[in-house]
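Structure, as structure tokens:
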Amino acid sequence: MKNIVVQKFGGTSVRNLECMRQVLNNVRRPLANGDKVIVVLSAMAGETNRLIALARQWSDHPDPAEMDSLVSTGEQISVALFSMMAKDEGIKCRSVLGFQIPIETDNSYGKARIEDIDSEKLLKMLEIDDVLVVAGFQGVDAIGRITTLGRGGSDTSAVAVAAALKAEMCEIYTDVPGVFTTDPNICAEARKIDRISYDEMLEMASMGAKVLQIRSVEFAKKYNVAVHVRSTFSDEPGTMVTQEDTVMEAVQVSGVAYDKDQAQVTLVGVIDEPGVCASIFTPIAENKILVDMIVQNPSKDGRTDITFTVTRADLDATLKLIEGLKGEIGYQALLSDKNVSKVSVIGVGMRNHSGVAAKAFRAMRDENINILMISTSEIKLSCLIEDKYTELAVRTLHQTFVG
Ligand code: ASP
Ligand code: MG
């Protein structure tokens, strides 16, 4: 079998005929080498949103399985249109939908996880055609219903296909030149990163650097697939997301990320005894609500305060759950705030550089930004701050660490 190259193109790369021609130019490159190509496509820009809005007109609570059946059509349109065009250009190709491979997933409609991909079937199809145009974002569950992988899920489709075929690399084409040190819309000094480790990318992606779906990076890390994020509209190399190496470790901070989708919840005066945290966070987890930062204060007179963050969309549901626990855990007050955001500095180099936190805190002080919560990991320092200071905080942290 020839070498197989996996390329994924996002919605802005397939938004019209002209852009699709650019996509085709990128596909021709490996074809000219004699390689076979798997092209994973997103829906045309705006299409998934349009379909979601349509569903909302029909129902306040659209049935999740029908919802997936609906939103997955966006990708079906792209792959069919692209394949038509490519065939007219003399390329041997066909479109393939998730269930036709199949890309098997669990049945969490709207955020399904890939369980298995029939790579044999893909290889068979590649014996017939030179290019397979695979619909991203979609799969099929054990009972044959269509599922989708969550917003941005085509990235994960592409990396999963690359992993299944043991491809060494997956190219993710988008409308920006790569992954930046921070959001260029906020900070003019932001620049493209040449190489970044999986773990750093996970932190960047989970905090608003919306270039890659988080799950795709987890997949890439697990199966050691190098991901090349690059622009459809230029030949310039983009950003390699790959295993960590010593060059990366030499850099103190690789990027500054932020996440405005944060809401803060505080339980004041919780009785401090074993099992209280378990009682609070178990129902939250059971309702599939993701908790990010958690801080518990030292207790005073047998009571303590517990503060944590969730996404803004989950705030109401979280508060309801906690109100339901009042009898059990006996807190004195329940506070919440939607006007908060999180800024983070990220870098594998933090492991062996000291003083990063102090330097970040001084930068925040110099701009008079109050820090509400702090959390750290080996390669990340995050501060929760008032929402309105987000841009300022990002700029000052970027200037302090990245320059
Ligand atoms: N079309 C889907 C979305 O907009 C999946 C993707 O583009 O990756 O979320
Ligand atoms: Mg995307």
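Scheme for the structure tokens: letters A, B, ... for chains in order shown; per-chain residue numbers from 1; ligand numbers from 1 in order shown.
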
_With DSSP run on the backbone, what are the helix (DSSP H, G or I) residues within segment 105-270 of chain A? I'd like them as a PyMOL selection string._
chain A and resi 119-128+154-164+198-206+214-223+246-250

For N, CA and C atoms, I'd like the residues from the last selection saved as a compact mmCIF listing (two decimals), in the first residue's frame.
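As written to disk, out.txt reads:
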```txt
# COMPACT_ATOMS: atom_id res chain seq x y z
N SER A 119 -10.51 0.21 9.97
CA SER A 119 -9.45 0.66 9.08
C SER A 119 -9.33 -0.25 7.84
N GLU A 120 -9.70 -1.53 8.03
CA GLU A 120 -9.67 -2.45 6.88
C GLU A 120 -10.55 -1.93 5.76
N LYS A 121 -11.72 -1.48 6.16
CA LYS A 121 -12.69 -0.99 5.19
C LYS A 121 -12.13 0.24 4.46
N LEU A 122 -11.49 1.11 5.24
CA LEU A 122 -10.90 2.31 4.63
C LEU A 122 -9.83 1.91 3.62
N LEU A 123 -9.00 0.96 4.03
CA LEU A 123 -7.92 0.52 3.13
C LEU A 123 -8.48 -0.09 1.86
N LYS A 124 -9.55 -0.85 2.01
CA LYS A 124 -10.20 -1.45 0.83
C LYS A 124 -10.69 -0.36 -0.12
N MET A 125 -11.32 0.64 0.48
CA MET A 125 -11.85 1.73 -0.34
C MET A 125 -10.71 2.46 -1.05
N LEU A 126 -9.56 2.55 -0.37
CA LEU A 126 -8.42 3.25 -0.96
C LEU A 126 -7.76 2.45 -2.08
N GLU A 127 -8.11 1.16 -2.16
CA GLU A 127 -7.60 0.38 -3.30
C GLU A 127 -8.32 0.81 -4.58
N ILE A 128 -9.56 1.26 -4.40
CA ILE A 128 -10.36 1.65 -5.57
C ILE A 128 -10.14 3.12 -5.93
N SER A 154 -14.83 17.55 13.85
CA SER A 154 -14.15 17.03 12.66
C SER A 154 -12.65 16.88 12.88
N ASP A 155 -12.09 17.71 13.76
CA ASP A 155 -10.67 17.55 14.09
C ASP A 155 -10.44 16.15 14.66
N THR A 156 -11.34 15.76 15.55
CA THR A 156 -11.20 14.46 16.19
C THR A 156 -11.42 13.34 15.18
N SER A 157 -12.38 13.52 14.29
CA SER A 157 -12.57 12.50 13.24
C SER A 157 -11.26 12.29 12.49
N ALA A 158 -10.61 13.40 12.11
CA ALA A 158 -9.40 13.31 11.30
C ALA A 158 -8.27 12.62 12.05
N VAL A 159 -8.06 13.03 13.29
CA VAL A 159 -6.96 12.43 14.06
C VAL A 159 -7.26 10.95 14.32
N ALA A 160 -8.52 10.64 14.58
CA ALA A 160 -8.88 9.24 14.84
C ALA A 160 -8.66 8.38 13.60
N VAL A 161 -8.99 8.92 12.45
CA VAL A 161 -8.75 8.18 11.20
C VAL A 161 -7.24 7.99 11.01
N ALA A 162 -6.49 9.06 11.27
CA ALA A 162 -5.02 8.94 11.14
C ALA A 162 -4.49 7.88 12.09
N ALA A 163 -5.00 7.88 13.33
CA ALA A 163 -4.54 6.89 14.31
C ALA A 163 -4.92 5.48 13.86
N ALA A 164 -6.13 5.32 13.38
CA ALA A 164 -6.59 3.99 12.96
C ALA A 164 -5.73 3.45 11.82
N TYR A 198 1.88 18.16 23.00
CA TYR A 198 0.47 17.80 23.17
C TYR A 198 -0.11 18.43 24.44
N ASP A 199 0.66 18.31 25.53
CA ASP A 199 0.12 18.79 26.81
C ASP A 199 -0.09 20.30 26.81
N GLU A 200 0.83 21.02 26.21
CA GLU A 200 0.64 22.48 26.12
C GLU A 200 -0.58 22.79 25.24
N MET A 201 -0.69 22.07 24.16
CA MET A 201 -1.81 22.31 23.25
C MET A 201 -3.13 22.00 23.94
N LEU A 202 -3.14 20.95 24.76
CA LEU A 202 -4.36 20.63 25.50
C LEU A 202 -4.76 21.80 26.39
N GLU A 203 -3.76 22.39 27.03
CA GLU A 203 -4.06 23.54 27.90
C GLU A 203 -4.50 24.74 27.06
N MET A 204 -3.85 24.95 25.94
CA MET A 204 -4.23 26.08 25.08
C MET A 204 -5.65 25.87 24.55
N ALA A 205 -5.94 24.66 24.11
CA ALA A 205 -7.24 24.40 23.51
C ALA A 205 -8.35 24.48 24.54
N SER A 206 -8.04 23.97 25.74
CA SER A 206 -9.10 23.96 26.75
C SER A 206 -9.35 25.36 27.25
N ILE A 214 -10.38 19.75 21.72
CA ILE A 214 -9.53 19.14 22.74
C ILE A 214 -9.37 17.64 22.54
N ARG A 215 -10.49 17.01 22.26
CA ARG A 215 -10.44 15.56 22.12
C ARG A 215 -9.50 15.09 21.03
N SER A 216 -9.36 15.92 20.00
CA SER A 216 -8.48 15.52 18.91
C SER A 216 -7.04 15.49 19.40
N VAL A 217 -6.71 16.40 20.31
CA VAL A 217 -5.34 16.45 20.84
C VAL A 217 -5.11 15.26 21.78
N GLU A 218 -6.13 14.94 22.56
CA GLU A 218 -6.02 13.76 23.44
C GLU A 218 -5.77 12.50 22.61
N PHE A 219 -6.51 12.40 21.55
CA PHE A 219 -6.37 11.26 20.64
C PHE A 219 -4.97 11.22 20.04
N ALA A 220 -4.51 12.39 19.59
CA ALA A 220 -3.20 12.48 18.95
C ALA A 220 -2.12 12.07 19.94
N LYS A 221 -2.27 12.52 21.18
CA LYS A 221 -1.28 12.19 22.20
C LYS A 221 -1.28 10.68 22.47
N LYS A 222 -2.47 10.15 22.64
CA LYS A 222 -2.58 8.73 22.96
C LYS A 222 -1.97 7.85 21.88
N TYR A 223 -2.20 8.20 20.62
CA TYR A 223 -1.71 7.35 19.53
C TYR A 223 -0.47 7.91 18.86
N THR A 246 13.45 18.61 24.29
CA THR A 246 14.24 19.50 25.14
C THR A 246 14.20 20.96 24.68
N VAL A 247 13.99 21.16 23.38
CA VAL A 247 13.90 22.54 22.88
C VAL A 247 12.68 23.23 23.50
N MET A 248 11.59 22.49 23.58
CA MET A 248 10.37 23.06 24.16
C MET A 248 10.57 23.37 25.64
N GLU A 249 11.30 22.50 26.32
CA GLU A 249 11.51 22.69 27.76
C GLU A 249 12.32 23.94 28.07
N ALA A 250 13.14 24.36 27.12
CA ALA A 250 13.99 25.52 27.36
C ALA A 250 13.17 26.82 27.40
```

*If we count only C-alpha atoms, what is near Thr304 of chain A at a cut-off of 6 Å, once residues fewer than 5 positions away on the same chain are taken out, given as a list in words?*
Gly269, Val270, Asp272, Asn297 and Ser299 of chain A

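One distance worth recording is that between atom CA of Gln262 of chain A and atom 2 (C, counted along the ligand's line) of ligand 1, which is 22.6 Å.
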
Just list the residues in segment 48-283 of chain A DSSP gives strand (DSSP E or B) on the backbone, as a short mmCIF file (atom, residue, chain, number, x, y, z; two decimals) with N, CA, C and O atoms, in the first residue's frame.
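Writing done, so here's selection_19.cif:
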```cif
data_model
loop_
_atom_site.label_atom_id
_atom_site.label_comp_id
_atom_site.auth_asym_id
_atom_site.auth_seq_id
_atom_site.Cartn_x
_atom_site.Cartn_y
_atom_site.Cartn_z
N CYS A 93 -12.04 9.63 -6.71
CA CYS A 93 -12.40 9.81 -5.31
C CYS A 93 -13.85 9.44 -5.06
O CYS A 93 -14.62 9.21 -6.01
N ARG A 94 -14.22 9.36 -3.80
CA ARG A 94 -15.64 9.20 -3.44
C ARG A 94 -15.86 9.81 -2.07
O ARG A 94 -14.94 9.95 -1.26
N SER A 95 -17.11 10.17 -1.80
CA SER A 95 -17.45 10.66 -0.47
C SER A 95 -17.81 9.47 0.41
O SER A 95 -18.31 8.46 -0.08
N VAL A 96 -17.53 9.61 1.71
CA VAL A 96 -17.85 8.53 2.66
C VAL A 96 -18.44 9.16 3.92
O VAL A 96 -17.84 10.07 4.51
N ILE A 103 -17.47 4.63 11.49
CA ILE A 103 -16.80 5.20 12.66
C ILE A 103 -17.75 4.94 13.82
O ILE A 103 -18.80 5.56 13.93
N GLU A 104 -17.41 3.93 14.63
CA GLU A 104 -18.32 3.53 15.71
C GLU A 104 -18.11 4.40 16.93
O GLU A 104 -16.97 4.65 17.34
N THR A 105 -19.22 4.84 17.51
CA THR A 105 -19.13 5.69 18.71
C THR A 105 -20.06 5.15 19.80
O THR A 105 -20.85 4.24 19.54
N ILE A 114 -15.57 8.35 19.95
CA ILE A 114 -15.24 7.30 18.98
C ILE A 114 -14.73 6.07 19.71
O ILE A 114 -13.88 6.16 20.59
N GLU A 115 -15.27 4.92 19.37
CA GLU A 115 -14.83 3.67 19.99
C GLU A 115 -13.99 2.83 19.04
O GLU A 115 -13.04 2.18 19.46
N ASP A 116 -14.34 2.86 17.78
CA ASP A 116 -13.59 2.03 16.84
C ASP A 116 -13.78 2.54 15.40
O ASP A 116 -14.83 3.09 15.09
N ILE A 117 -12.75 2.37 14.61
CA ILE A 117 -12.86 2.73 13.19
C ILE A 117 -12.41 1.53 12.38
O ILE A 117 -11.36 0.94 12.67
N VAL A 131 -8.58 9.17 -3.45
CA VAL A 131 -8.95 10.11 -2.39
C VAL A 131 -10.29 9.67 -1.79
O VAL A 131 -11.25 9.43 -2.53
N LEU A 132 -10.33 9.56 -0.46
CA LEU A 132 -11.61 9.33 0.21
C LEU A 132 -11.99 10.62 0.90
O LEU A 132 -11.19 11.17 1.67
N VAL A 133 -13.18 11.09 0.62
CA VAL A 133 -13.62 12.35 1.23
C VAL A 133 -14.58 11.99 2.35
O VAL A 133 -15.74 11.64 2.12
N VAL A 134 -14.07 12.04 3.58
CA VAL A 134 -14.80 11.53 4.74
C VAL A 134 -15.51 12.67 5.48
O VAL A 134 -14.90 13.71 5.75
N ALA A 135 -16.76 12.45 5.80
CA ALA A 135 -17.51 13.45 6.57
C ALA A 135 -17.00 13.48 8.01
O ALA A 135 -17.01 12.45 8.69
N GLN A 138 -19.08 13.07 12.51
CA GLN A 138 -20.16 12.10 12.66
C GLN A 138 -19.69 10.67 12.81
O GLN A 138 -18.62 10.30 12.37
N GLY A 139 -20.54 9.89 13.46
CA GLY A 139 -20.29 8.47 13.58
C GLY A 139 -21.61 7.74 13.67
O GLY A 139 -22.65 8.30 13.29
N VAL A 140 -21.54 6.51 14.17
CA VAL A 140 -22.76 5.72 14.28
C VAL A 140 -22.67 4.91 15.58
O VAL A 140 -21.59 4.47 15.96
N ILE A 146 -27.20 7.71 13.91
CA ILE A 146 -26.11 8.65 13.65
C ILE A 146 -25.81 9.45 14.91
O ILE A 146 -26.71 9.87 15.64
N THR A 147 -24.52 9.64 15.16
CA THR A 147 -24.10 10.44 16.32
C THR A 147 -23.19 11.56 15.83
O THR A 147 -22.66 11.50 14.72
N THR A 148 -23.02 12.59 16.66
CA THR A 148 -22.01 13.60 16.35
C THR A 148 -21.08 13.77 17.54
O THR A 148 -21.42 13.41 18.67
N MET A 169 1.20 11.34 10.59
CA MET A 169 0.83 12.72 10.70
C MET A 169 -0.58 12.99 10.20
O MET A 169 -1.07 12.30 9.31
N CYS A 170 -1.19 13.98 10.82
CA CYS A 170 -2.51 14.42 10.38
C CYS A 170 -2.42 15.92 10.14
O CYS A 170 -2.00 16.66 11.03
N GLU A 171 -2.77 16.35 8.95
CA GLU A 171 -2.72 17.79 8.66
C GLU A 171 -4.10 18.40 8.90
O GLU A 171 -5.09 17.91 8.36
N ILE A 172 -4.13 19.43 9.70
CA ILE A 172 -5.41 20.12 9.97
C ILE A 172 -5.32 21.49 9.32
O ILE A 172 -4.55 22.35 9.77
N TYR A 173 -6.08 21.68 8.26
CA TYR A 173 -6.06 22.95 7.53
C TYR A 173 -7.17 23.86 8.03
O TYR A 173 -8.31 23.42 8.21
N THR A 174 -6.82 25.12 8.22
CA THR A 174 -7.80 26.06 8.73
C THR A 174 -7.58 27.42 8.06
O THR A 174 -6.90 27.50 7.05
N PHE A 180 -1.22 30.21 17.72
CA PHE A 180 -0.53 31.43 18.11
C PHE A 180 -0.22 31.45 19.61
O PHE A 180 -0.85 30.74 20.40
N LYS A 192 2.99 33.09 15.59
CA LYS A 192 2.79 31.66 15.36
C LYS A 192 3.83 30.84 16.12
O LYS A 192 5.00 31.21 16.15
N ARG A 195 6.45 24.79 17.07
CA ARG A 195 6.22 23.46 17.61
C ARG A 195 5.69 23.60 19.02
O ARG A 195 6.13 24.44 19.79
N ILE A 196 4.75 22.75 19.36
CA ILE A 196 4.15 22.79 20.70
C ILE A 196 3.85 21.35 21.12
O ILE A 196 3.56 20.50 20.26
N SER A 197 3.98 21.07 22.41
CA SER A 197 3.74 19.70 22.86
C SER A 197 2.24 19.44 23.00
O SER A 197 1.45 20.37 23.13
N ALA A 226 1.41 13.03 15.03
CA ALA A 226 1.79 14.44 14.98
C ALA A 226 0.70 15.19 14.20
O ALA A 226 0.21 14.71 13.18
N VAL A 227 0.31 16.35 14.73
CA VAL A 227 -0.74 17.13 14.08
C VAL A 227 -0.12 18.42 13.54
O VAL A 227 0.52 19.16 14.28
N HIS A 228 -0.30 18.65 12.26
CA HIS A 228 0.24 19.86 11.66
C HIS A 228 -0.93 20.81 11.38
O HIS A 228 -1.73 20.57 10.48
N VAL A 229 -1.02 21.87 12.16
CA VAL A 229 -2.09 22.86 11.98
C VAL A 229 -1.59 23.93 11.02
O VAL A 229 -0.57 24.57 11.30
N ARG A 230 -2.25 24.12 9.91
CA ARG A 230 -1.74 25.06 8.92
C ARG A 230 -2.86 25.68 8.10
O ARG A 230 -4.01 25.25 8.18
N SER A 231 -2.51 26.66 7.29
CA SER A 231 -3.53 27.37 6.52
C SER A 231 -3.79 26.72 5.17
O SER A 231 -2.87 26.32 4.47
N THR A 239 1.89 25.02 12.58
CA THR A 239 2.36 24.60 13.90
C THR A 239 2.30 23.08 14.01
O THR A 239 1.28 22.48 13.70
N MET A 240 3.41 22.49 14.46
CA MET A 240 3.43 21.04 14.71
C MET A 240 3.05 20.79 16.16
O MET A 240 3.72 21.29 17.07
N VAL A 241 2.04 19.99 16.36
CA VAL A 241 1.68 19.58 17.72
C VAL A 241 2.21 18.17 17.86
O VAL A 241 1.80 17.26 17.14
N THR A 242 3.15 18.00 18.79
CA THR A 242 3.89 16.75 18.81
C THR A 242 4.39 16.42 20.21
O THR A 242 4.06 17.12 21.17
N GLY A 255 2.65 30.04 25.72
CA GLY A 255 1.49 30.81 25.30
C GLY A 255 0.65 31.30 26.46
O GLY A 255 0.81 30.87 27.61
N VAL A 256 -0.24 32.22 26.13
CA VAL A 256 -1.17 32.77 27.12
C VAL A 256 -2.58 32.51 26.59
O VAL A 256 -2.90 32.91 25.47
N ALA A 257 -3.37 31.85 27.38
CA ALA A 257 -4.72 31.53 26.93
C ALA A 257 -5.74 32.18 27.86
O ALA A 257 -5.40 32.60 28.97
N TYR A 258 -6.96 32.26 27.40
CA TYR A 258 -8.01 32.78 28.27
C TYR A 258 -9.30 32.06 27.98
O TYR A 258 -9.47 31.44 26.92
N ASP A 259 -10.20 32.11 28.92
CA ASP A 259 -11.49 31.47 28.77
C ASP A 259 -12.54 32.34 29.44
O ASP A 259 -12.53 32.49 30.66
N LYS A 260 -13.40 32.93 28.61
CA LYS A 260 -14.45 33.78 29.18
C LYS A 260 -15.66 32.97 29.59
O LYS A 260 -16.57 33.50 30.20
N ASP A 261 -15.66 31.72 29.20
CA ASP A 261 -16.83 30.90 29.52
C ASP A 261 -16.68 30.29 30.91
O ASP A 261 -16.57 29.08 31.07
N GLN A 262 -16.64 31.16 31.90
CA GLN A 262 -16.44 30.71 33.27
C GLN A 262 -17.51 31.33 34.17
O GLN A 262 -17.89 32.48 33.97
N ALA A 263 -17.97 30.57 35.13
CA ALA A 263 -18.86 31.11 36.16
C ALA A 263 -18.39 30.54 37.49
O ALA A 263 -17.93 29.40 37.56
N GLN A 264 -18.50 31.39 38.50
CA GLN A 264 -17.95 31.03 39.81
C GLN A 264 -19.09 30.73 40.78
O GLN A 264 -20.09 31.46 40.82
N VAL A 265 -18.93 29.69 41.55
CA VAL A 265 -19.95 29.32 42.55
C VAL A 265 -19.26 29.21 43.90
O VAL A 265 -18.21 28.58 44.01
N THR A 266 -19.84 29.84 44.92
CA THR A 266 -19.27 29.71 46.27
C THR A 266 -20.32 29.22 47.25
O THR A 266 -21.42 29.76 47.31
N LEU A 267 -19.97 28.19 47.98
CA LEU A 267 -20.81 27.74 49.09
C LEU A 267 -20.16 28.28 50.35
O LEU A 267 -19.03 27.90 50.69
N VAL A 268 -20.86 29.17 51.01
CA VAL A 268 -20.31 29.81 52.21
C VAL A 268 -20.73 29.01 53.43
O VAL A 268 -21.89 28.61 53.56
N GLY A 269 -19.77 28.78 54.34
CA GLY A 269 -20.08 28.15 55.62
C GLY A 269 -20.60 26.73 55.52
O GLY A 269 -21.60 26.37 56.12
N VAL A 270 -19.89 25.93 54.75
CA VAL A 270 -20.25 24.51 54.66
C VAL A 270 -19.71 23.80 55.90
O VAL A 270 -18.60 24.10 56.34
N ILE A 271 -20.47 22.88 56.45
CA ILE A 271 -19.96 22.11 57.59
C ILE A 271 -18.74 21.32 57.13
O ILE A 271 -18.78 20.66 56.09
#
```

*How would you write, as a ChimeraX atom specification, the set of residues no farther than 6 Å from ligand 1 when counting only C-alpha atoms and all ligand atoms?*
/A:10-11,42-43,48,137,151-155

Store the residues picked out above, limited to all heavy atoms, as a PDB file, in the first residue's frame.
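Final output, result.pdb:
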```pdb
ATOM      1  N   GLY A  10     -11.385  22.740   7.643  1.00  0.00           N
ATOM      2  CA  GLY A  10     -12.469  23.302   8.443  1.00  0.00           C
ATOM      3  C   GLY A  10     -13.517  24.006   7.592  1.00  0.00           C
ATOM      4  O   GLY A  10     -13.375  24.133   6.371  1.00  0.00           O
ATOM      5  N   GLY A  11     -14.541  24.489   8.266  1.00  0.00           N
ATOM      6  CA  GLY A  11     -15.694  25.081   7.594  1.00  0.00           C
ATOM      7  C   GLY A  11     -15.365  26.267   6.707  1.00  0.00           C
ATOM      8  O   GLY A  11     -15.948  26.424   5.621  1.00  0.00           O
ATOM      9  N   SER A  42     -15.275  19.461   7.284  1.00  0.00           N
ATOM     10  CA  SER A  42     -16.311  20.023   8.150  1.00  0.00           C
ATOM     11  C   SER A  42     -17.480  20.465   7.285  1.00  0.00           C
ATOM     12  O   SER A  42     -17.380  20.489   6.059  1.00  0.00           O
ATOM     13  CB  SER A  42     -15.794  21.286   8.843  1.00  0.00           C
ATOM     14  OG  SER A  42     -14.906  20.996   9.847  1.00  0.00           O
ATOM     15  N   ALA A  43     -18.519  20.895   7.946  1.00  0.00           N
ATOM     16  CA  ALA A  43     -19.635  21.529   7.243  1.00  0.00           C
ATOM     17  C   ALA A  43     -19.196  22.899   6.744  1.00  0.00           C
ATOM     18  O   ALA A  43     -18.278  23.509   7.301  1.00  0.00           O
ATOM     19  CB  ALA A  43     -20.812  21.670   8.183  1.00  0.00           C
ATOM     20  N   THR A  48     -23.561  24.411  10.396  1.00  0.00           N
ATOM     21  CA  THR A  48     -23.946  23.712  11.634  1.00  0.00           C
ATOM     22  C   THR A  48     -24.791  24.638  12.517  1.00  0.00           C
ATOM     23  O   THR A  48     -25.818  24.209  13.061  1.00  0.00           O
ATOM     24  CB  THR A  48     -22.685  23.219  12.378  1.00  0.00           C
ATOM     25  OG1 THR A  48     -21.876  22.486  11.456  1.00  0.00           O
ATOM     26  CG2 THR A  48     -23.048  22.323  13.546  1.00  0.00           C
ATOM     27  N   PHE A 137     -16.997  14.836  12.062  1.00  0.00           N
ATOM     28  CA  PHE A 137     -17.989  15.197  13.083  1.00  0.00           C
ATOM     29  C   PHE A 137     -18.997  14.092  13.378  1.00  0.00           C
ATOM     30  O   PHE A 137     -19.704  14.147  14.358  1.00  0.00           O
ATOM     31  CB  PHE A 137     -18.699  16.480  12.595  1.00  0.00           C
ATOM     32  CG  PHE A 137     -19.713  17.126  13.493  1.00  0.00           C
ATOM     33  CD1 PHE A 137     -19.458  17.371  14.837  1.00  0.00           C
ATOM     34  CD2 PHE A 137     -20.935  17.564  12.959  1.00  0.00           C
ATOM     35  CE1 PHE A 137     -20.411  18.031  15.623  1.00  0.00           C
ATOM     36  CE2 PHE A 137     -21.875  18.217  13.735  1.00  0.00           C
ATOM     37  CZ  PHE A 137     -21.617  18.457  15.074  1.00  0.00           C
ATOM     38  N   ARG A 151     -19.078  20.079  19.050  1.00  0.00           N
ATOM     39  CA  ARG A 151     -18.641  21.157  18.167  1.00  0.00           C
ATOM     40  C   ARG A 151     -17.134  21.057  17.917  1.00  0.00           C
ATOM     41  O   ARG A 151     -16.364  20.775  18.833  1.00  0.00           O
ATOM     42  CB  ARG A 151     -18.987  22.534  18.760  1.00  0.00           C
ATOM     43  CG  ARG A 151     -20.470  22.793  18.941  1.00  0.00           C
ATOM     44  CD  ARG A 151     -21.315  22.535  17.692  1.00  0.00           C
ATOM     45  NE  ARG A 151     -20.927  23.264  16.499  1.00  0.00           N
ATOM     46  CZ  ARG A 151     -21.417  24.440  16.125  1.00  0.00           C
ATOM     47  NH1 ARG A 151     -22.324  25.034  16.863  1.00  0.00           N
ATOM     48  NH2 ARG A 151     -21.026  25.021  15.015  1.00  0.00           N
ATOM     49  N   GLY A 152     -16.753  21.280  16.691  1.00  0.00           N
ATOM     50  CA  GLY A 152     -15.344  21.163  16.326  1.00  0.00           C
ATOM     51  C   GLY A 152     -14.889  19.723  16.157  1.00  0.00           C
ATOM     52  O   GLY A 152     -13.695  19.442  16.016  1.00  0.00           O
ATOM     53  N   GLY A 153     -15.862  18.794  16.146  1.00  0.00           N
ATOM     54  CA  GLY A 153     -15.530  17.369  16.181  1.00  0.00           C
ATOM     55  C   GLY A 153     -14.833  16.810  14.948  1.00  0.00           C
ATOM     56  O   GLY A 153     -14.266  15.716  15.006  1.00  0.00           O
ATOM     57  N   SER A 154     -14.835  17.552  13.854  1.00  0.00           N
ATOM     58  CA  SER A 154     -14.153  17.033  12.664  1.00  0.00           C
ATOM     59  C   SER A 154     -12.652  16.876  12.884  1.00  0.00           C
ATOM     60  O   SER A 154     -12.016  16.017  12.265  1.00  0.00           O
ATOM     61  CB  SER A 154     -14.377  17.967  11.467  1.00  0.00           C
ATOM     62  OG  SER A 154     -15.740  18.072  11.202  1.00  0.00           O
ATOM     63  N   ASP A 155     -12.092  17.708  13.757  1.00  0.00           N
ATOM     64  CA  ASP A 155     -10.667  17.547  14.093  1.00  0.00           C
ATOM     65  C   ASP A 155     -10.440  16.151  14.660  1.00  0.00           C
ATOM     66  O   ASP A 155      -9.479  15.461  14.302  1.00  0.00           O
ATOM     67  CB  ASP A 155     -10.242  18.566  15.164  1.00  0.00           C
ATOM     68  CG  ASP A 155     -10.356  19.994  14.691  1.00  0.00           C
ATOM     69  OD1 ASP A 155     -10.274  20.225  13.484  1.00  0.00           O
ATOM     70  OD2 ASP A 155     -10.534  20.886  15.553  1.00  0.00           O
TER      71      ASP A 155
END
```

_Counting only C-alpha atoms, the option among A:Glu328, A:Ile374, A:Arg312, A:Ala358 closest to Gln296 of chain A_ = A:Ile374
